[in-house]
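Okay, start22.cif now, which holds mmCIF, C-alpha atoms:
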```cif
data_entry
loop_
_atom_site.label_atom_id
_atom_site.label_comp_id
_atom_site.auth_asym_id
_atom_site.auth_seq_id
_atom_site.Cartn_x
_atom_site.Cartn_y
_atom_site.Cartn_z
CA MET A 1 220.95 105.15 103.24
CA ASP A 2 217.95 102.83 103.37
CA ASP A 3 214.74 103.84 101.67
CA PRO A 4 211.82 103.81 104.05
CA ALA A 5 209.30 101.07 103.43
CA PRO A 6 206.19 102.19 101.60
CA PRO A 7 203.32 102.83 103.98
CA VAL A 8 201.06 99.85 104.46
CA PRO A 9 197.42 100.74 103.90
CA PRO A 10 195.29 100.10 106.95
CA ARG A 11 193.33 96.87 106.85
CA VAL A 12 189.68 96.72 107.84
CA PRO A 13 189.16 93.32 109.46
CA PRO A 14 186.26 91.05 108.50
CA VAL A 15 183.20 90.79 110.74
CA GLU A 16 180.54 88.18 111.30
CA PRO A 17 177.85 88.42 108.60
CA ASP A 18 175.04 88.35 111.20
CA LEU A 19 176.60 91.25 113.10
CA LEU A 20 177.01 93.20 109.87
CA GLY A 21 173.40 92.43 108.99
CA SER A 22 172.30 93.94 112.31
CA ALA A 23 174.45 97.01 111.69
CA ILE A 24 172.98 97.41 108.19
CA PHE A 25 169.47 97.23 109.66
CA LEU A 26 170.32 99.91 112.25
CA PHE A 27 171.94 102.09 109.59
CA ALA A 28 168.85 101.79 107.37
CA GLU A 29 166.67 102.88 110.31
CA TYR A 30 169.06 105.79 110.98
CA LEU A 31 168.85 106.91 107.33
CA GLN A 32 165.06 106.65 107.41
CA ARG A 33 164.92 108.76 110.58
CA ILE A 34 167.10 111.43 108.92
CA ALA A 35 164.87 111.38 105.83
CA ASP A 36 161.76 111.74 108.01
CA GLU A 37 163.28 114.68 109.91
CA THR A 38 164.56 116.50 106.82
CA PRO A 39 161.98 118.77 105.25
CA PRO A 40 161.48 118.20 101.53
CA ARG A 41 163.22 120.70 99.29
CA ASP A 42 161.05 123.09 97.33
CA GLU A 43 161.42 122.71 93.55
CA ASP A 44 161.83 126.49 93.18
CA GLU A 45 164.75 126.35 95.64
CA ASP A 46 166.28 123.50 93.64
CA GLU A 47 166.22 125.60 90.48
CA ASP A 48 167.77 128.56 92.31
CA ASP A 49 170.41 126.30 93.86
CA ASP A 50 171.25 124.81 90.46
CA GLU A 51 171.93 128.26 89.07
CA GLU A 52 174.12 129.21 92.03
CA GLU A 53 175.98 125.92 92.38
CA ASP A 54 177.01 125.03 88.86
CA ASP A 55 180.52 124.14 90.03
CA GLU A 56 179.47 122.17 93.08
CA ASP A 57 177.99 118.75 92.33
CA GLU A 58 178.50 117.32 95.79
CA THR A 59 176.00 117.85 98.56
CA PRO A 60 177.08 117.34 102.14
CA SER A 61 176.26 113.93 103.55
CA PRO A 62 173.49 113.86 106.15
CA ILE A 63 175.30 110.97 107.88
CA ASN A 64 176.82 111.94 111.21
CA MET A 65 179.65 109.52 111.96
CA ARG A 66 179.47 110.01 115.73
CA ASP A 67 175.72 109.32 115.79
CA VAL A 68 176.13 106.11 113.79
CA LEU A 69 179.06 104.93 115.92
CA ASP A 70 177.07 105.60 119.11
CA LEU A 71 174.07 103.78 117.66
CA PHE A 72 176.14 100.70 116.78
CA ALA A 73 177.91 100.65 120.15
CA GLU A 74 174.67 101.05 122.14
CA GLU A 75 172.45 98.70 120.16
CA LEU A 76 175.01 96.01 119.33
CA GLY A 77 177.22 96.26 122.43
CA THR A 78 180.38 96.24 120.33
CA THR A 79 183.87 97.31 121.28
CA VAL A 80 185.44 100.40 119.74
CA PRO A 81 187.46 98.50 117.09
CA VAL A 82 184.45 96.40 116.05
CA THR A 83 182.19 99.47 115.99
CA LEU A 84 184.64 101.29 113.70
CA THR A 85 184.92 98.24 111.46
CA LEU A 86 181.14 97.98 111.19
CA TYR A 87 180.89 101.68 110.36
CA MET A 88 183.50 101.44 107.61
CA ARG A 89 181.93 98.32 106.09
CA VAL A 90 178.35 99.62 106.25
CA THR A 91 179.16 103.03 104.78
CA ALA A 92 181.35 101.46 102.06
CA LEU A 93 178.46 99.16 101.15
CA TYR A 94 176.03 102.11 101.18
CA ARG A 95 178.24 104.08 98.77
CA LEU A 96 178.83 101.06 96.51
CA LEU A 97 175.16 100.16 96.16
CA ALA A 98 174.09 103.80 95.78
CA ALA A 99 176.58 104.24 92.93
CA SER A 100 175.59 101.03 91.13
CA PRO A 101 171.86 100.28 90.86
CA SER A 102 172.56 97.08 88.90
CA LEU A 103 174.82 95.84 91.69
CA ALA A 104 172.19 96.83 94.26
CA ARG A 105 169.58 94.73 92.41
CA LEU A 106 172.00 91.80 92.25
CA ALA A 107 172.68 92.10 96.00
CA SER A 108 169.05 92.46 97.05
CA ASP A 109 167.01 89.64 98.49
CA SER A 110 164.06 89.42 96.14
CA ASP A 111 161.97 87.64 98.81
CA GLU A 112 162.43 90.50 101.28
CA GLY A 113 162.45 93.44 98.88
CA GLU A 114 165.24 95.62 97.58
CA SER A 115 166.12 97.03 101.01
CA SER A 116 167.33 93.64 102.23
CA LEU A 117 170.59 91.98 101.18
CA ASN A 118 170.81 88.38 100.09
CA GLU A 119 173.11 86.03 101.96
CA ASP A 120 175.90 86.18 99.34
CA ALA A 121 175.95 90.00 99.48
CA LEU A 122 176.02 89.99 103.27
CA VAL A 123 178.92 87.53 103.38
CA ALA A 124 180.79 89.50 100.70
CA ALA A 125 180.31 92.76 102.60
CA ALA A 126 181.48 91.11 105.80
CA ARG A 127 184.56 89.41 104.35
CA LEU A 128 185.91 91.25 101.29
CA ASP A 129 188.86 93.58 101.63
CA LEU A 130 188.17 97.29 101.77
CA HIS A 131 190.45 99.74 100.02
CA VAL A 132 191.24 102.54 102.44
CA THR A 133 192.29 105.92 101.12
CA ARG A 134 193.39 108.75 103.34
CA SER A 135 192.60 112.37 102.70
CA GLY A 136 192.95 115.57 104.66
CA ALA A 137 189.52 114.99 106.25
CA GLY A 138 190.21 111.40 107.31
CA ALA A 139 190.02 107.96 105.77
CA VAL A 140 187.44 106.42 103.46
CA ALA A 141 187.03 102.71 102.83
CA ASP A 142 185.51 101.35 99.63
CA PHE A 143 184.81 97.95 98.16
CA ASP A 144 186.16 97.04 94.75
CA PRO A 145 182.97 96.82 92.64
CA ARG A 146 184.38 94.01 90.48
CA GLN A 147 185.35 91.94 93.50
CA PHE A 148 181.93 92.49 95.03
CA ARG A 149 180.14 91.53 91.78
CA ASP A 150 182.35 88.43 91.42
CA ALA A 151 181.50 87.38 94.98
CA LEU A 152 177.80 87.67 94.19
CA THR A 153 177.90 85.81 90.90
CA SER A 154 180.41 83.06 91.73
CA SER A 155 178.13 81.05 94.00
#
```

Structure re-expressed in structure tokens:
Amino acid sequence: MDDPAPPVPPRVPPVEPDLLGSAIFLFAEYLQRIADETPPRDEDEDEDDDEEEDDEDETPSPINMRDVLDLFAEELGTTVPVTLTLYMRVTALYRLLAASPSLARLASDSDEGESSLNEDALVAAARLDLHVTRSGAGAVADFDPRQFRDALTSS
């Protein structure tokens, strides 16, 4: 009896750096709009929440996948596969840079401020492989931080 082949992880195709740059800009505007619409948390509530949620370190993400996909498709005029690819690359980059402030500083364009990526970071985010992991809730794609750092420092 033949053993079944191991499952091949899905591959997220590369995109054009300029298109990814546009998607990153739209995503940043989306995040700013969410931040503007979300009322600030009261410090007293934070203390109460900390006492009640000692076991829960994760807060739910304010990012609504459908809203972001619709935004990309409308504003960029992309097809469904390209829209999904942009979403996976942008959110993977968002998670990577949020988790590593030193990498975020290395990727930022000092002429434009920390909210803008330099050309090397944009090309790396557009071209590097994403590692896709599946869970019960869906799939998550992430960059390898070492690969990303190497891409930024090798030029």

Could you please determine the separation between atom CA of A:Thr38 and atom CA of A:Asn64 in Å, to one decimal place? 13.8 Å

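Those residues returned by the PyMOL selection byres ((chain A and resi 132-147) around 7) for this file are Pro9, Pro10, Met88, Ala92, Leu96, Asp129, Leu130, His131, Phe148, Arg149, Asp150 and Ala151 of chain A.
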
Picked residues, the PyMOL selection byres ((chain A and resi 118-128) around 10), expected as a CSV table (one decimal) with C-alpha atoms, in the frame of the given file:
```csv
chain,number,residue,atom,x,y,z
A,12,VAL,CA,189.7,96.7,107.8
A,13,PRO,CA,189.2,93.3,109.5
A,14,PRO,CA,186.3,91.0,108.5
A,15,VAL,CA,183.2,90.8,110.7
A,16,GLU,CA,180.5,88.2,111.3
A,17,PRO,CA,177.8,88.4,108.6
A,18,ASP,CA,175.0,88.4,111.2
A,19,LEU,CA,176.6,91.2,113.1
A,20,LEU,CA,177.0,93.2,109.9
A,21,GLY,CA,173.4,92.4,109.0
A,24,ILE,CA,173.0,97.4,108.2
A,85,THR,CA,184.9,98.2,111.5
A,86,LEU,CA,181.1,98.0,111.2
A,89,ARG,CA,181.9,98.3,106.1
A,90,VAL,CA,178.4,99.6,106.2
A,92,ALA,CA,181.4,101.5,102.1
A,93,LEU,CA,178.5,99.2,101.2
A,103,LEU,CA,174.8,95.8,91.7
A,104,ALA,CA,172.2,96.8,94.3
A,106,LEU,CA,172.0,91.8,92.2
A,107,ALA,CA,172.7,92.1,96.0
A,108,SER,CA,169.0,92.5,97.0
A,109,ASP,CA,167.0,89.6,98.5
A,110,SER,CA,164.1,89.4,96.1
A,111,ASP,CA,162.0,87.6,98.8
A,112,GLU,CA,162.4,90.5,101.3
A,113,GLY,CA,162.4,93.4,98.9
A,114,GLU,CA,165.2,95.6,97.6
A,115,SER,CA,166.1,97.0,101.0
A,116,SER,CA,167.3,93.6,102.2
A,117,LEU,CA,170.6,92.0,101.2
A,129,ASP,CA,188.9,93.6,101.6
A,130,LEU,CA,188.2,97.3,101.8
A,131,HIS,CA,190.4,99.7,100.0
A,143,PHE,CA,184.8,98.0,98.2
A,144,ASP,CA,186.2,97.0,94.8
A,147,GLN,CA,185.4,91.9,93.5
A,148,PHE,CA,181.9,92.5,95.0
A,149,ARG,CA,180.1,91.5,91.8
A,150,ASP,CA,182.4,88.4,91.4
A,151,ALA,CA,181.5,87.4,95.0
A,152,LEU,CA,177.8,87.7,94.2
A,153,THR,CA,177.9,85.8,90.9
A,154,SER,CA,180.4,83.1,91.7
A,155,SER,CA,178.1,81.0,94.0
```

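Separating atom CA of A:Tyr30 from atom CA of A:Pro101 is a distance of 21.0 Å.
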
A:Tyr94 proximity check over A:Val82, A:Ile34, A:Ile63, A:Leu76, using all atoms listed in the file: winner is A:Ile63

What's the separation between atom CA of A:Ala98 and atom CA of A:Ala23, in Å to one decimal place?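 That distance, rounded to one decimal, is 17.3 Å.
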
Please, what is the axis-aligned box for every listed atom of stretch 77-82 of chain A with 3 Å on each side, as centre and edge lengths in Å to one decimal, as JSON?
```
{"center_x": 182.3, "center_y": 98.3, "center_z": 119.2, "size_x": 16.2, "size_y": 10.2, "size_z": 12.4}
```

With N, CA and C atoms as the goal, would you fill in the gaps in stretch 83-95 of chain A and present it as a tab-separated table (two decimals), in the coordinates of the input?
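Contents of rebuild.tsv, freshly written:
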```tsv
chain	number	residue	atom	x	y	z
A	83	THR	N	183.12	98.41	116.38
A	83	THR	CA	182.19	99.47	115.99
A	83	THR	C	182.73	100.24	114.80
A	84	LEU	N	184.01	100.58	114.83
A	84	LEU	CA	184.64	101.29	113.70
A	84	LEU	C	184.65	100.43	112.44
A	85	THR	N	184.93	99.16	112.60
A	85	THR	CA	184.92	98.24	111.46
A	85	THR	C	183.53	98.16	110.84
A	86	LEU	N	182.52	98.03	111.69
A	86	LEU	CA	181.14	97.98	111.19
A	86	LEU	C	180.79	99.26	110.44
A	87	TYR	N	181.18	100.39	111.01
A	87	TYR	CA	180.89	101.68	110.36
A	87	TYR	C	181.53	101.75	108.98
A	88	MET	N	182.80	101.36	108.89
A	88	MET	CA	183.50	101.44	107.61
A	88	MET	C	182.89	100.49	106.58
A	89	ARG	N	182.52	99.29	107.01
A	89	ARG	CA	181.93	98.32	106.09
A	89	ARG	C	180.53	98.75	105.65
A	90	VAL	N	179.72	99.22	106.58
A	90	VAL	CA	178.35	99.62	106.25
A	90	VAL	C	178.34	100.83	105.32
A	91	THR	N	179.16	101.83	105.63
A	91	THR	CA	179.16	103.03	104.78
A	91	THR	C	179.78	102.74	103.41
A	92	ALA	N	180.77	101.85	103.35
A	92	ALA	CA	181.35	101.46	102.06
A	92	ALA	C	180.29	100.73	101.22
A	93	LEU	N	179.52	99.88	101.85
A	93	LEU	CA	178.46	99.16	101.15
A	93	LEU	C	177.37	100.14	100.68
A	94	TYR	N	177.02	101.08	101.52
A	94	TYR	CA	176.03	102.11	101.18
A	94	TYR	C	176.47	102.89	99.93
A	95	ARG	N	177.74	103.33	99.91
A	95	ARG	CA	178.24	104.08	98.77
A	95	ARG	C	178.29	103.22	97.50
```
